[in-house]
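Take a look at the structure below.
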Amino acid sequence: MPGLVARQTRAAIALTAPAYLWLALTIFLPLSAMAYFSFLDVAPIGGRESHFTLSHYIAFFTKEVYWRNAWRSFELGFYVTLLCLIFGYPAAHILAKHIHGRWREALFLLVILPFWSNALVRTFSWTMVLRGELGLLFTYWAIVIGLVHAYLPYAILTCYISLQSIDDSLIEAARSLGASPLQAFLRVTLPLSIPGLLAAVILIFVPVIGSFMEPRILGGKSAIMLGPIIENQFTAVFNWPLGAALSFLMLGIVLVFLLAASPILRRHWQ
Amino acid sequence: MIKHVFSRRTAIAVFAAMLAGSALATDAFAQAKQIRVLNWQGYGTDEKWATDQFEQKTGIKVVHDYFNSEQEMLTKLRTSPGTYDVVLFNNTFVMEAVNAGLLQPIDTSRIPHFADLTPSLRDSDRFVKDGKHYAVAWVWGVTSIAYSTEKFPGAPQSLDAIWDPANAGKVGWRDDAVESVQFGALATGQDMNAPTDMEKIKQKLEALKPQIKTFWSSEDEWNKYFAAGDYAIATYWSGSAARSKKAFKLPVGFTVPKEGAIGWFDGLAIPVDAPNPEGAYAFIDFMVSPEFYVKWDTDVGAPASANAKANAALPEDAMNRSVLGDPEVVKRLQWMAPLSDDQRKAYQELWDTVKTTLAQ
């Protein structure tokens with residue numbers, strides 16, 4: 001038997017090694033370089049001399065322009081995620097529980113269809129819609145509308161999966177024991193679908209706080225967030241260390257949020 | 001078949017060798033018939049009709065190599081000595097290259113059109129060191145204000161038009177830290193290359209809040225927003241304004257207000273170890289000639305020529321002649337100077353702070 005175990009271990013290593021090696025090379029190494037840069041005063045590229053400093057991390061907390069825009073990014077993430085859930089959850093519920101057969105497939109196709117077009121094209125088509133009588137183009141709400149449109153399918157799909165896996169007989173049991181439809185939803189369906197809701201929150205919130213393409217095209221003056229500021233450090237002023245430090249702080253804050261939410265996650269994902 | 005080609009090629013080679021007297025001479029002969037130019041792609045020197053015309057006239061073939069940033073250009077000069085004959089230089093980079101020993105002094109007597117070049121550009125201290133020229137002024141342009149000729153009966157005379165409540169919500173502004181600070185300096189009456197009162201610039205830029213409709217970042221975006229009626233007045237580049245008017249038929253006017261505008265200029269230089277300086281001189285002279293420039297601006301759209309006679313030879317409605325041809329306008333310009341890394345960082349932080357105010 002030890003021979004078999006050893007063989008299984010070898011097989012496991014052989015099968016997982018390429019993926020981990022690839023991830024290490026393409027994600028871990030560049031990220032470590034960026035982490036290192038974030039503690040230097042200038043990027044050590046092209047023979048420039050650099051020194052250790054914490055000033056970029058300190059700047060985030062002491063300079064209003066950085067923390068205020070970090071807050072603006074989180075605020076945007078909050079609005080977009082909330083609206084995606086408000087629109088997405090009922091749609092997923094109807095799809096999972098009330099529509100069957102061909103119609104469901106057709107409606108699903110309509111949800112997924114926008115994914116097949118280029119994100120840039122979709123955003124530019126929004127500029128035409130929002131420009132007209134709505135007059136919303138180049139406002140904060142244009143950014144929210146564009147992003148909700150882009151991320152709504154994630155909310156529908158993840159909620160659908162967890163709603164669909166709920167056994168209908170549980171709801172029938174609640175009803176037969178005297179629960180009203182609302183009570184049955186609040187006490188049975190909603191708690192059981194929380195894993196889907198949480199997955200949607202993570203899938204939507206994290207990319208939205210880093211988004212910069214939709215804000216820039218739709219938002220006009222309202223486009224400034226931490227994402228575009230980080231982008232400029234890399235493309236406009238060659239200040240990689242500051243850009244890297246701001247990125248890691250953003251990552252850190254997201255991780256703190258996830259850790260804070262982990263007790264709920266653990267309870268529902270077991 | 002292959003054998004046949006071979007023998008013919010050999011025959012030609014032998015014949016050429018006999019003609020020139022020695023194999024070495026044929027080599028030099030071949031080299032004298034070619035120059036290698038280093039430039040941005042699509043920036044004048046590589047126009048096919050122009051290189052064809054030059055080859056027809058002089059028998060010299062023009063070969064191109066391109067760069068995507070000034071740093072890349074300097075690296076190419078450092079790492080490939082003896083490769084290039086003519087190199088395009090933005091004025092702010094010439095002295096850095098001269099101090100690194102990369103450029104040779106220009107014998108101006110070998111460029112017949114040299115006397116026609118605008119003296120303020122030609123003899124700028126960005127090109128001249130110890131009385132020697134290291135680059136030949138070629139083209140220049142202006143970042144200033146463009147306006148809708150339908151909404152403005154005449155050209156706005158002052159930068160204040162951008163801050164005028166009458167134009168609230170109709171202003172276009174480029175999302176660029178350096179340009180914003182420079183305009184802020186001009187609008188507050190400061191030297192844009194050495195502003196002393198940054199707080200004043202910041203306040204002036206923050207006062208743009210009710211004015212700006214949206215930012216632009218490319219010529220394509222500018223045209224789209226202008227055509228949709230988002231902009232009545234906007235910051236813009238002179239060469240692009242000429243193209244918007246000519247190629248896109250937009251009702252665009254371009255003006256240099258009384259406070260001045262941001263000027264830039266480019267020159268052509270010869271590296272210290274150029275294999276064919278003879279050809280380089282001939283090519284540079286062709287590039288600053290009215291003959292080349294008028295066709296370039298008329299058919300394609302170009303920045304203004306450093307050769308005053310070339311600008312004067314343009315059709316009367318050409319923007320490069322009607323707006324930038326006025327010496328009084330040129331006097332009002334401030335020429336962009338090199339920026340240090342620290343200045344860039346400070347400008348970026350100031351601009352990000354201003355944008356945060358504009359967004360709230």
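How things are named: the first chain in the structure tokens is A, the next is B, and so on; residues count from 1 in each chain; ligands count from 1 in the order shown.
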Would you kindly report the residues of chain B within 8 Å of chain A, using only C-alpha atoms, as an mmCIF file with N, CA and C atoms, in the first residue's frame?
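The new file part-v2.cif reads:
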```
data_model
loop_
_atom_site.group_PDB
_atom_site.id
_atom_site.type_symbol
_atom_site.label_atom_id
_atom_site.label_comp_id
_atom_site.auth_asym_id
_atom_site.auth_seq_id
_atom_site.Cartn_x
_atom_site.Cartn_y
_atom_site.Cartn_z
ATOM 1 N N ILE B 212 -16.477 72.518 -17.067
ATOM 2 C CA ILE B 212 -16.101 71.356 -17.877
ATOM 3 C C ILE B 212 -17.293 70.424 -18.104
ATOM 4 N N LYS B 213 -17.513 70.071 -19.363
ATOM 5 C CA LYS B 213 -18.524 69.070 -19.687
ATOM 6 C C LYS B 213 -17.933 67.683 -19.445
ATOM 7 N N THR B 214 -16.846 67.382 -20.137
ATOM 8 C CA THR B 214 -16.114 66.147 -19.870
ATOM 9 C C THR B 214 -14.691 66.287 -20.382
ATOM 10 N N PHE B 215 -13.810 65.405 -19.886
ATOM 11 C CA PHE B 215 -12.412 65.423 -20.315
ATOM 12 C C PHE B 215 -12.246 64.694 -21.640
ATOM 13 N N ASP B 341 11.478 64.471 -12.924
ATOM 14 C CA ASP B 341 10.553 63.458 -12.414
ATOM 15 C C ASP B 341 9.749 63.985 -11.233
ATOM 16 N N ARG B 344 6.966 66.227 -12.373
ATOM 17 C CA ARG B 344 5.863 65.436 -12.918
ATOM 18 C C ARG B 344 4.988 64.857 -11.813
ATOM 19 N N LYS B 345 5.650 64.295 -10.787
ATOM 20 C CA LYS B 345 4.903 63.684 -9.686
ATOM 21 C C LYS B 345 4.063 64.743 -8.962
ATOM 22 N N GLN B 348 1.116 65.722 -11.051
ATOM 23 C CA GLN B 348 0.094 64.673 -11.084
ATOM 24 C C GLN B 348 -0.730 64.696 -9.799
ATOM 25 N N GLU B 349 -0.062 64.874 -8.667
ATOM 26 C CA GLU B 349 -0.790 64.881 -7.399
ATOM 27 C C GLU B 349 -1.720 66.086 -7.322
ATOM 28 N N ASP B 352 -4.699 65.364 -9.619
ATOM 29 C CA ASP B 352 -5.620 64.387 -9.025
ATOM 30 C C ASP B 352 -6.444 65.041 -7.911
ATOM 31 N N THR B 353 -5.800 65.919 -7.148
ATOM 32 C CA THR B 353 -6.527 66.621 -6.085
ATOM 33 C C THR B 353 -7.608 67.513 -6.691
ATOM 34 N N LYS B 355 -9.049 67.183 -9.589
ATOM 35 C CA LYS B 355 -10.122 66.362 -10.181
ATOM 36 C C LYS B 355 -11.070 65.835 -9.109
ATOM 37 N N THR B 356 -10.517 65.538 -7.920
ATOM 38 C CA THR B 356 -11.380 65.078 -6.831
ATOM 39 C C THR B 356 -12.361 66.173 -6.445
ATOM 40 N N LEU B 358 -13.403 68.545 -8.473
ATOM 41 C CA LEU B 358 -14.340 68.706 -9.591
ATOM 42 C C LEU B 358 -15.439 67.642 -9.544
ATOM 43 N N ALA B 359 -15.113 66.459 -8.983
ATOM 44 C CA ALA B 359 -16.066 65.349 -9.015
ATOM 45 C C ALA B 359 -17.108 65.470 -7.913
ATOM 46 N N GLN B 360 -16.823 66.308 -6.909
ATOM 47 C CA GLN B 360 -17.734 66.290 -5.757
ATOM 48 C C GLN B 360 -18.719 67.441 -5.755
#
```
- prompt: Using only C-alpha atoms, which residues sit within 6 Å of stretch 76-87 of chain B once same-chain residues fewer than 2 positions away are excluded, as a ChimeraX atom specification?
  reply: /B:35-38,73-74,268-270,273-275,280
task: One decimal, Å: what's the distance from atom CA of B:Thr51 over to atom CA of B:Val128, could you say?
output: 28.4 Å
Excluding B:Glu219 and its own-chain neighbours fewer than 6 positions away, which residues fall within 10 Å of it when counting only C-alpha atoms? Please give them as a CSV table (one decimal) with C-alpha atoms, in the first residue's frame.
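Full text of part19.csv as output:
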```csv
chain,number,residue,atom,x,y,z
B,236,TYR,CA,-6.7,71.4,-28.3
B,237,TRP,CA,-3.6,70.8,-30.4
B,240,SER,CA,-5.4,68.2,-34.7
B,241,ALA,CA,-7.6,71.3,-35.1
B,243,ARG,CA,-7.4,68.0,-39.3
B,244,SER,CA,-10.8,68.3,-37.5
```
query: Pick the closest to A:Trp71 from A:Thr9, A:Ile209, A:Trp22, A:Leu197: which is it, counting only C-alpha atoms?
result: A:Ile209
Residue neighbourhood B:Val181, 8 Å, only C-alpha atoms, exclusion window fewer than 5 positions, as a ChimeraX atom specification: /B:192,201,347,351
